[in-house]
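Engineer: entry13.cif is the file, holding mmCIF, C-alpha atoms:
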data_run
#
loop_
_atom_site.label_atom_id
_atom_site.label_comp_id
_atom_site.auth_asym_id
_atom_site.auth_seq_id
_atom_site.Cartn_x
_atom_site.Cartn_y
_atom_site.Cartn_z
CA LEU A 1 13.54 25.54 47.37
CA ASN A 2 13.90 21.87 48.26
CA ASP A 3 11.77 20.37 45.47
CA ALA A 4 13.92 19.09 42.56
CA ASN A 5 11.40 20.08 39.89
CA GLY A 6 10.99 23.51 41.46
CA MET A 7 14.75 24.03 41.50
CA ALA A 8 15.00 23.05 37.83
CA LEU A 9 12.24 25.45 36.82
CA TYR A 10 13.68 28.25 38.98
CA ALA A 11 17.10 27.71 37.40
CA SER A 12 15.49 27.94 33.94
CA VAL A 13 13.81 31.26 34.90
CA LEU A 14 17.14 32.62 36.11
CA TYR A 15 18.96 31.51 32.98
CA LYS A 16 16.39 32.95 30.56
CA GLY A 17 15.71 36.05 32.65
CA THR A 18 11.95 35.49 32.58
CA GLY A 19 10.45 38.30 34.65
CA THR A 20 13.81 38.96 36.28
CA LYS A 21 17.39 39.83 35.43
CA PRO A 22 19.29 36.87 33.92
CA ASN A 23 21.70 35.28 36.37
CA LYS A 24 23.60 32.44 34.75
CA ALA A 25 25.82 31.67 37.76
CA GLU A 26 22.81 31.33 40.05
CA ALA A 27 20.98 29.28 37.41
CA ILE A 28 23.86 26.80 37.21
CA LYS A 29 23.85 26.47 41.03
CA TYR A 30 20.19 25.48 41.09
CA PHE A 31 20.48 23.24 38.03
CA LYS A 32 23.23 21.29 39.76
CA LYS A 33 21.30 21.07 43.04
CA SER A 34 18.36 19.59 41.15
CA ILE A 35 20.61 17.24 39.17
CA ASP A 36 22.13 15.98 42.44
CA LYS A 37 18.61 14.91 43.37
CA GLY A 38 18.38 12.91 40.10
CA ASN A 39 15.99 15.29 38.33
CA ARG A 40 15.88 14.56 34.60
CA ILE A 41 14.30 17.94 33.73
CA ALA A 42 17.32 19.70 35.23
CA MET A 43 19.69 17.35 33.39
CA LYS A 44 17.96 18.14 30.10
CA LEU A 45 17.74 21.90 30.61
CA TYR A 46 21.31 22.21 31.88
CA GLY A 47 22.58 20.08 29.02
CA LEU A 48 20.68 22.22 26.49
CA MET A 49 22.05 25.37 28.14
CA LEU A 50 25.62 24.13 27.76
CA LEU A 51 24.97 23.10 24.16
CA ASP A 52 23.49 26.53 23.43
CA ASP A 53 26.77 28.05 24.61
CA ASP A 54 28.87 25.49 22.71
CA LYS A 55 27.22 23.05 20.30
CA ASN A 56 30.21 20.68 20.72
CA SER A 57 30.07 20.69 24.52
CA ILE A 58 30.83 17.16 25.72
CA GLU A 59 29.55 18.04 29.20
CA GLY A 60 26.29 19.34 27.73
CA PHE A 61 25.82 16.19 25.66
CA ASN A 62 26.52 13.98 28.69
CA TYR A 63 23.86 15.74 30.79
CA LEU A 64 21.40 15.48 27.92
CA LYS A 65 22.21 11.78 27.61
CA MET A 66 21.63 11.32 31.34
CA ALA A 67 18.15 12.82 30.90
CA ALA A 68 17.51 10.60 27.87
CA ASP A 69 18.51 7.50 29.77
CA LYS A 70 15.99 8.48 32.44
CA GLY A 71 13.25 8.58 29.80
CA ASP A 72 12.94 12.26 28.87
CA ILE A 73 11.44 12.16 25.34
CA THR A 74 12.83 15.51 24.18
CA ALA A 75 16.30 14.52 25.36
CA ILE A 76 16.03 11.09 23.72
CA GLU A 77 15.24 12.62 20.33
CA LYS A 78 17.92 15.30 20.72
CA VAL A 79 20.62 12.75 21.61
CA GLY A 80 19.70 10.62 18.58
CA ASN A 81 19.94 13.71 16.39
CA ILE A 82 23.33 14.77 17.76
CA LEU A 83 24.79 11.29 17.23
CA PHE A 84 23.30 11.09 13.72
CA ASN A 85 24.84 14.43 12.69
CA LYS A 86 28.11 14.06 14.57
CA PRO A 87 31.16 15.05 12.46
CA ASN A 88 33.24 11.98 11.56
CA ALA A 89 30.59 9.73 13.09
CA THR A 90 31.49 6.04 13.37
CA GLU A 91 29.32 2.93 13.15
CA ILE A 92 29.22 2.96 16.96
CA ASP A 93 27.76 6.49 16.90
CA TYR A 94 25.16 5.45 14.33
CA ASP A 95 24.25 2.36 16.36
CA GLU A 96 23.75 4.59 19.42
CA SER A 97 21.72 7.01 17.31
CA PHE A 98 19.51 4.11 16.15
CA LYS A 99 18.99 3.06 19.78
CA TYR A 100 17.74 6.50 20.81
CA TYR A 101 15.57 6.99 17.72
CA LYS A 102 14.00 3.62 18.48
CA MET A 103 13.33 4.74 22.08
CA ALA A 104 11.70 7.95 20.83
CA TYR A 105 9.66 6.07 18.24
CA LEU A 106 8.34 3.65 20.84
CA ASN A 107 7.34 6.69 22.93
CA ASN A 108 5.10 8.00 20.12
CA LYS A 109 7.60 10.30 18.35
CA ARG A 110 6.74 8.22 15.32
CA LYS A 111 7.18 9.93 11.97
CA PRO A 112 10.35 12.03 12.55
CA CYS A 113 12.17 9.22 14.31
CA MET A 114 11.18 6.56 11.78
CA SER A 115 12.46 8.87 9.05
CA PHE A 116 15.88 9.00 10.74
CA ILE A 117 15.87 5.23 11.29
CA ARG A 118 14.99 4.78 7.61
CA SER A 119 17.90 7.01 6.60
CA LEU A 120 20.33 5.01 8.76
CA ILE A 121 19.14 1.72 7.22
CA HIS A 122 18.90 3.01 3.64
CA ARG A 123 22.48 4.31 3.79
CA GLY A 124 23.76 1.14 5.49
CA LEU A 125 25.18 3.15 8.40
CA ILE A 126 24.33 0.87 11.31
CA SER A 127 25.95 -2.41 12.21
CA ALA A 128 24.42 -5.53 10.71
CA LYS A 129 25.13 -7.42 13.95
CA ASN A 130 21.91 -8.66 15.59
CA ILE A 131 19.95 -6.60 13.07
CA ASP A 132 16.90 -8.89 13.26
CA ASP A 133 16.57 -8.44 17.02
CA ARG A 134 17.06 -4.69 16.82
CA THR A 135 14.62 -4.10 13.97
CA SER A 136 11.82 -6.52 14.84
CA PHE A 137 9.80 -3.57 16.21
CA ILE A 138 9.67 -2.13 12.66
CA LYS A 139 7.98 -5.23 11.28
CA GLU A 140 5.59 -5.32 14.24
CA SER A 141 4.71 -1.67 13.64
CA ALA A 142 4.27 -2.25 9.91
CA ASP A 143 1.85 -5.07 10.63
CA ARG A 144 -0.10 -2.66 12.85
CA ILE A 145 -0.68 -0.48 9.75
CA ASP A 146 2.03 2.10 10.48
CA THR A 147 2.86 3.31 6.97
CA GLU A 148 6.16 4.91 8.05
CA ALA A 149 7.27 1.54 9.40
CA MET A 150 6.18 -0.12 6.13
CA ILE A 151 8.49 2.18 4.15
CA THR A 152 11.34 1.47 6.57
CA TRP A 153 10.77 -2.28 6.29
CA PHE A 154 11.03 -1.92 2.50
CA PHE A 155 14.45 -0.28 2.84
CA LEU A 156 15.60 -2.94 5.30
CA LYS A 157 14.48 -5.92 3.19
CA SER A 158 15.94 -4.44 0.00
CA ASN A 159 19.33 -3.51 1.51
CA ARG A 160 22.10 -5.99 0.72
CA LYS A 161 23.95 -5.19 3.94
CA TYR A 162 21.07 -6.45 6.05
CA CYS A 163 19.21 -8.97 3.88
CA GLU A 164 20.04 -11.59 1.29
CA PRO A 165 18.99 -10.15 -2.12
CA SER A 166 16.55 -12.98 -2.81
CA PRO A 167 13.28 -12.82 -4.78
CA ASP A 168 11.34 -13.56 -1.56
CA ASN A 169 12.91 -10.62 0.27
CA LEU A 170 12.29 -8.33 -2.68
CA ARG A 171 8.65 -9.42 -2.92
CA GLU A 172 8.18 -8.81 0.80
CA ALA A 173 9.83 -5.39 0.52
CA ALA A 174 7.60 -4.43 -2.43
CA PHE A 175 4.48 -5.70 -0.67
CA TYR A 176 4.93 -3.40 2.32
CA LEU A 177 5.89 -0.40 0.23
CA LYS A 178 2.87 -0.81 -2.06
CA LYS A 179 0.63 -1.27 0.96
CA ALA A 180 1.87 2.02 2.45
CA ALA A 181 1.27 3.76 -0.88
CA ASP A 182 -2.23 2.32 -1.18
CA LEU A 183 -2.97 3.53 2.35
CA GLY A 184 -2.22 7.08 1.23
CA ASN A 185 1.40 7.67 2.28
CA VAL A 186 2.75 10.10 -0.33
CA ASP A 187 6.42 9.23 0.30
CA ALA A 188 5.55 5.58 -0.28
CA MET A 189 3.79 6.43 -3.56
CA VAL A 190 6.93 8.14 -4.85
CA GLU A 191 9.25 5.39 -3.61
CA TYR A 192 7.08 2.60 -5.01
CA GLY A 193 6.95 4.39 -8.35
CA ARG A 194 10.76 4.60 -8.33
CA PHE A 195 10.95 0.92 -7.48
CA LEU A 196 8.71 0.02 -10.44
CA THR A 197 10.72 2.12 -12.89
CA VAL A 198 13.69 -0.18 -12.28
CA LEU A 199 11.65 -3.04 -13.74
CA ASP A 200 11.65 -3.28 -17.53
CA GLU A 201 8.13 -4.33 -18.44
CA GLU A 202 5.92 -1.55 -19.81
CA ARG A 203 3.04 -2.53 -17.52
CA ASN A 204 5.33 -1.72 -14.57
CA GLN A 205 6.04 1.71 -16.07
CA ASP A 206 2.30 2.33 -16.42
CA GLU A 207 1.83 1.42 -12.76
CA ALA A 208 4.79 3.60 -11.73
CA ARG A 209 3.23 6.58 -13.49
CA HIS A 210 -0.04 5.84 -11.71
CA TYR A 211 1.65 6.22 -8.32
CA PHE A 212 3.66 9.27 -9.41
CA GLN A 213 0.39 10.86 -10.56
CA MET A 214 -1.28 10.08 -7.23
CA ALA A 215 1.60 11.66 -5.31
CA SER A 216 1.68 14.66 -7.64
CA ASN A 217 -2.05 15.23 -7.13
CA LEU A 218 -1.35 15.31 -3.38
CA GLY A 219 1.25 18.06 -3.81
CA ASN A 220 4.54 16.17 -4.12
CA ARG A 221 6.75 18.17 -6.49
CA ASP A 222 9.26 15.40 -7.18
CA ALA A 223 6.46 13.10 -8.31
CA LYS A 224 5.44 15.38 -11.18
CA LYS A 225 8.99 15.38 -12.60
CA LEU A 226 9.29 11.63 -12.13
CA TYR A 227 5.98 11.14 -13.96
CA ASN A 228 7.16 13.24 -16.92
CA ASP A 229 10.55 11.50 -17.01
CA SER A 230 8.88 8.08 -17.04
CA LEU A 231 6.48 9.14 -19.78
CA ASN A 232 9.32 10.49 -21.91
CA ARG A 233 11.28 7.25 -21.50
CA SER A 234 8.28 5.22 -22.62
CA VAL A 235 7.71 7.46 -25.65
CA ASN A 236 11.38 7.20 -26.61
CA GLN A 237 11.28 3.43 -26.16
CA ALA A 238 8.17 3.19 -28.32
CA ASN A 239 9.88 5.27 -31.04
CA ASN A 240 12.99 3.09 -30.84
CA ASN A 241 10.88 -0.05 -31.16
CA ALA A 242 9.06 1.41 -34.16
CA ASN A 243 12.35 2.37 -35.80
CA MET A 244 13.72 -1.11 -35.18
CA GLN A 245 10.63 -2.69 -36.69
CA ARG A 246 10.89 -0.49 -39.79
CA GLN A 247 14.56 -1.38 -40.09
CA ASN A 248 13.75 -5.10 -39.88
CA ASN A 249 11.00 -4.75 -42.49
CA TYR A 250 13.40 -2.92 -44.81
CA ASN A 251 16.09 -5.57 -44.35
CA ASN A 252 13.60 -8.32 -45.12
CA ARG A 253 12.49 -6.61 -48.32
CA CYS A 254 16.11 -6.21 -49.39
CA LEU A 255 16.87 -9.83 -48.63
CA SER A 256 13.95 -11.00 -50.77
CA ASN A 257 15.33 -9.07 -53.76
CA ASN A 258 19.05 -9.62 -53.38
CA ASN A 259 19.40 -11.87 -56.47
CA GLY A 260 21.73 -14.25 -54.72
CA ASN A 261 24.09 -11.62 -53.39
CA LYS A 262 25.50 -13.56 -50.41
CA ASN A 263 27.28 -10.60 -48.83
CA PHE A 264 24.09 -8.54 -48.78
CA THR A 265 22.66 -10.73 -46.02
CA ASN A 266 25.41 -9.58 -43.62
CA ILE A 267 24.71 -5.85 -43.93
CA ASN A 268 23.20 -4.19 -40.87
CA TRP A 269 20.88 -1.54 -42.26
CA TRP A 270 20.31 1.51 -40.08
CA PHE A 271 18.36 4.49 -41.22
CA TYR A 272 17.28 7.70 -39.53
CA LEU A 273 13.97 9.52 -39.72
#
How does the structure come out when it is put into structure tokens?
Structural biologist:
Amino acid sequence: LNDANGMALYASVLYKGTGTKPNKAEAIKYFKKSIDKGNRIAMKLYGLMLLDDDKNSIEGFNYLKMAADKGDITAIEKVGNILFNKPNATEIDYDESFKYYKMAYLNNKRKPCMSFIRSLIHRGLISAKNIDDRTSFIKESADRIDTEAMITWFFLKSNRKYCEPSPDNLREAAFYLKKAADLGNVDAMVEYGRFLTVLDEERNQDEARHYFQMASNLGNRDAKKLYNDSLNRSVNQANNNANMQRQNNYNNRCLSNNNGNKNFTNINWWFYL
């Protein structure tokens, strides 16, 4: 066996015991021979083997990272995941995680990796340094009608750590989120509905319920609860407004019949139905 790929595959057969008796020591020998030839498959498989034996193996992670840096997509995604979930992770770890998720995303691992990128941005875990340069690919992807990128751009533009909380930024954030929802992204429907519920005007609540209903009809369980909660808030608000109006009418009637009682005008009349 002189072919690096062949050695890597043979080592994998020996390690798993596929059609033969498992032989870990021999597997390691062939993994390392293949790695010495620069084979990224061997780096990945050997790294995964070490991590299977010990999930905190630094050596295993380093081999996996070597494979990722050579462009192995599975290794790229795995390295991003390890860094993201690392105990006591630092901003440096999260920045590295972002870098690998971006690499995986640009190699067509779109939805899962954009979800992790979104989580990093939403929670403010990555460094704000050079954020525009590092995240420009998200805007480019959003403009190419990638709804996952649209949601991520919303979180970026509405996050105080990364963007000035200006009306223009908020409008841009809302525009992309609504666009993703209108294109049929269920997560965007729920998130846009949540965004609208923060606004006070009743017409915004009606629109929020519209998007919650759309998401609910497409099977999103959270959306149904959010729809009912929004409806209950609106009903309660309508009842409160009606009670306030009745209170004001009652006060006005009392004031018109107070026979000059000056103190009566200062009474705040509350009543309960």
Engineer: Kindly resolve the PyMOL selection byres ((chain A and resi 61) around 9) on the present coordinates and return the residues as a PyMOL selection string.
Structural biologist: chain A and resi 47-48+50-51+55-60+62-66+79+82
Engineer: Generate a file of the selected residues that holds C-alpha atoms, formatted as an mmCIF file, in the frame of the given file.
Structural biologist:
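Done, and the output landed in out-v2.cif:
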data_model
loop_
_atom_site.group_PDB
_atom_site.id
_atom_site.type_symbol
_atom_site.label_atom_id
_atom_site.label_comp_id
_atom_site.auth_asym_id
_atom_site.auth_seq_id
_atom_site.Cartn_x
_atom_site.Cartn_y
_atom_site.Cartn_z
ATOM 1 C CA GLY A 47 22.580 20.080 29.020
ATOM 2 C CA LEU A 48 20.680 22.220 26.490
ATOM 3 C CA LEU A 50 25.620 24.130 27.760
ATOM 4 C CA LEU A 51 24.970 23.100 24.160
ATOM 5 C CA LYS A 55 27.220 23.050 20.300
ATOM 6 C CA ASN A 56 30.210 20.680 20.720
ATOM 7 C CA SER A 57 30.070 20.690 24.520
ATOM 8 C CA ILE A 58 30.830 17.160 25.720
ATOM 9 C CA GLU A 59 29.550 18.040 29.200
ATOM 10 C CA GLY A 60 26.290 19.340 27.730
ATOM 11 C CA ASN A 62 26.520 13.980 28.690
ATOM 12 C CA TYR A 63 23.860 15.740 30.790
ATOM 13 C CA LEU A 64 21.400 15.480 27.920
ATOM 14 C CA LYS A 65 22.210 11.780 27.610
ATOM 15 C CA MET A 66 21.630 11.320 31.340
ATOM 16 C CA VAL A 79 20.620 12.750 21.610
ATOM 17 C CA ILE A 82 23.330 14.770 17.760
#
Engineer: Between A:Leu106, A:Ile138, A:Leu226, A:Ala188, which one has atoms that come closest to A:Gln205, using all atoms listed in the file?
Structural biologist: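 The answer is A:Leu226, which sits nearest to A:Gln205.
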Engineer: For A:Ala223, work out the shell of residues within 9 Å, counting only C-alpha atoms and skipping chain neighbours fewer than 5 positions away, then give it as a short mmCIF file (atom, residue, chain, number, x, y, z; two decimals) with C-alpha atoms, keeping the file's coordinate frame.
Structural biologist:
data_model
loop_
_atom_site.label_atom_id
_atom_site.label_comp_id
_atom_site.auth_asym_id
_atom_site.auth_seq_id
_atom_site.Cartn_x
_atom_site.Cartn_y
_atom_site.Cartn_z
CA MET A 189 3.79 6.43 -3.56
CA VAL A 190 6.93 8.14 -4.85
CA GLY A 193 6.95 4.39 -8.35
CA ARG A 209 3.23 6.58 -13.49
CA TYR A 211 1.65 6.22 -8.32
CA PHE A 212 3.66 9.27 -9.41
CA GLN A 213 0.39 10.86 -10.56
CA MET A 214 -1.28 10.08 -7.23
CA ALA A 215 1.60 11.66 -5.31
CA SER A 216 1.68 14.66 -7.64
CA ASN A 217 -2.05 15.23 -7.13
CA ASN A 228 7.16 13.24 -16.92
#
Engineer: Identify which of the residues A:Asn107, A:Thr90, A:Asn39, A:Ser12 lies closest to A:Ala27, counting all atoms listed in the file when measuring atom-to-atom distances.
Structural biologist: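 Ranking A:Asn107, A:Thr90, A:Asn39, A:Ser12 by distance to A:Ala27, first place goes to A:Ser12.
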Engineer: Distance cut-off 12 Å, centre (33.0, 4.2, 7.6) in file coordinates, counting only C-alpha atoms: which residues qualify? Return them as a list in words.
Structural biologist: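 With a cut-off of 12 Å, the residues come to Asn88, Ala89, Thr90, Glu91, Ile92, Asp93, Tyr94, Arg123, Gly124, Leu125, Ile126 and Ser127 of chain A.
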Engineer: Write the residues of the preceding selection, restricted to C-alpha atoms, as a PDB file, keeping the file's coordinate frame.
Structural biologist:
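Saved to result10.pdb:
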ATOM      1  CA  ASN A  88      33.240  11.980  11.560  1.00  0.00           C
ATOM      2  CA  ALA A  89      30.590   9.730  13.090  1.00  0.00           C
ATOM      3  CA  THR A  90      31.490   6.040  13.370  1.00  0.00           C
ATOM      4  CA  GLU A  91      29.320   2.930  13.150  1.00  0.00           C
ATOM      5  CA  ILE A  92      29.220   2.960  16.960  1.00  0.00           C
ATOM      6  CA  ASP A  93      27.760   6.490  16.900  1.00  0.00           C
ATOM      7  CA  TYR A  94      25.160   5.450  14.330  1.00  0.00           C
ATOM      8  CA  ARG A 123      22.480   4.310   3.790  1.00  0.00           C
ATOM      9  CA  GLY A 124      23.760   1.140   5.490  1.00  0.00           C
ATOM     10  CA  LEU A 125      25.180   3.150   8.400  1.00  0.00           C
ATOM     11  CA  ILE A 126      24.330   0.870  11.310  1.00  0.00           C
ATOM     12  CA  SER A 127      25.950  -2.410  12.210  1.00  0.00           C
TER      13      SER A 127
END
Engineer: Interatomic distance between atom CA of A:Pro22 and atom CA of A:Asp3?
Structural biologist: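 Atom-to-atom, atom CA of A:Pro22 to atom CA of A:Asp3, that is 21.5 Å.
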Engineer: Report the distance between atom CA of A:Thr147 and atom CA of A:Ala180 in Å, rounded to one decimal place.
Structural biologist: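 Straight-line distance from atom CA of A:Thr147 to atom CA of A:Ala180 works out to 4.8 Å.
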Engineer: Nearest to A:Lys44: which of A:Lys161, A:Lys24, A:Lys78, A:His122 is it, counting only C-alpha atoms?
Structural biologist: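 Ranking A:Lys161, A:Lys24, A:Lys78, A:His122 by distance to A:Lys44, first place goes to A:Lys78.
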Engineer: When you count all atoms listed in the file, which of these residues is closest to A:Ser119: A:Ile131, A:Ser234, A:Glu140, A:Ser97?
Structural biologist: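 Among the listed residues, the smallest separation from A:Ser119 belongs to A:Ser97.
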Engineer: Please measure the separation of atom CA of A:Ala8 and atom CA of A:Ile35, giving the value in Å to one decimal.
Structural biologist: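 So the two atoms, atom CA of A:Ala8 and atom CA of A:Ile35, lie 8.2 Å apart.
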Engineer: Taking the point (7.3, -2.8, -1.2) as given in the file, collect each protein or nucleic acid residue that comes within 12 Å of it, counting only C-alpha atoms, and present the set as a PyMOL selection string.
Structural biologist: chain A and resi 142+147+149-158+168-182+188-196
Engineer: Take every atom of stretch 69-80 of chain A listed in the file, fit an axis-aligned box around them, add 5 Å per side, and give the centre and edge lengths in Å to one decimal as AutoDock Vina command-line options.
Structural biologist:
--center_x 16.0 --center_y 11.5 --center_z 25.5 --size_x 19.2 --size_y 18.0 --size_z 23.9
Engineer: When distances are computed from only C-alpha atoms, which of A:Lys99, A:Lys33, A:Lys70, A:Arg144 shows the smallest separation from A:Phe84?
Structural biologist: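 Once distances to A:Phe84 are computed over only C-alpha atoms, the minimum belongs to A:Lys99.
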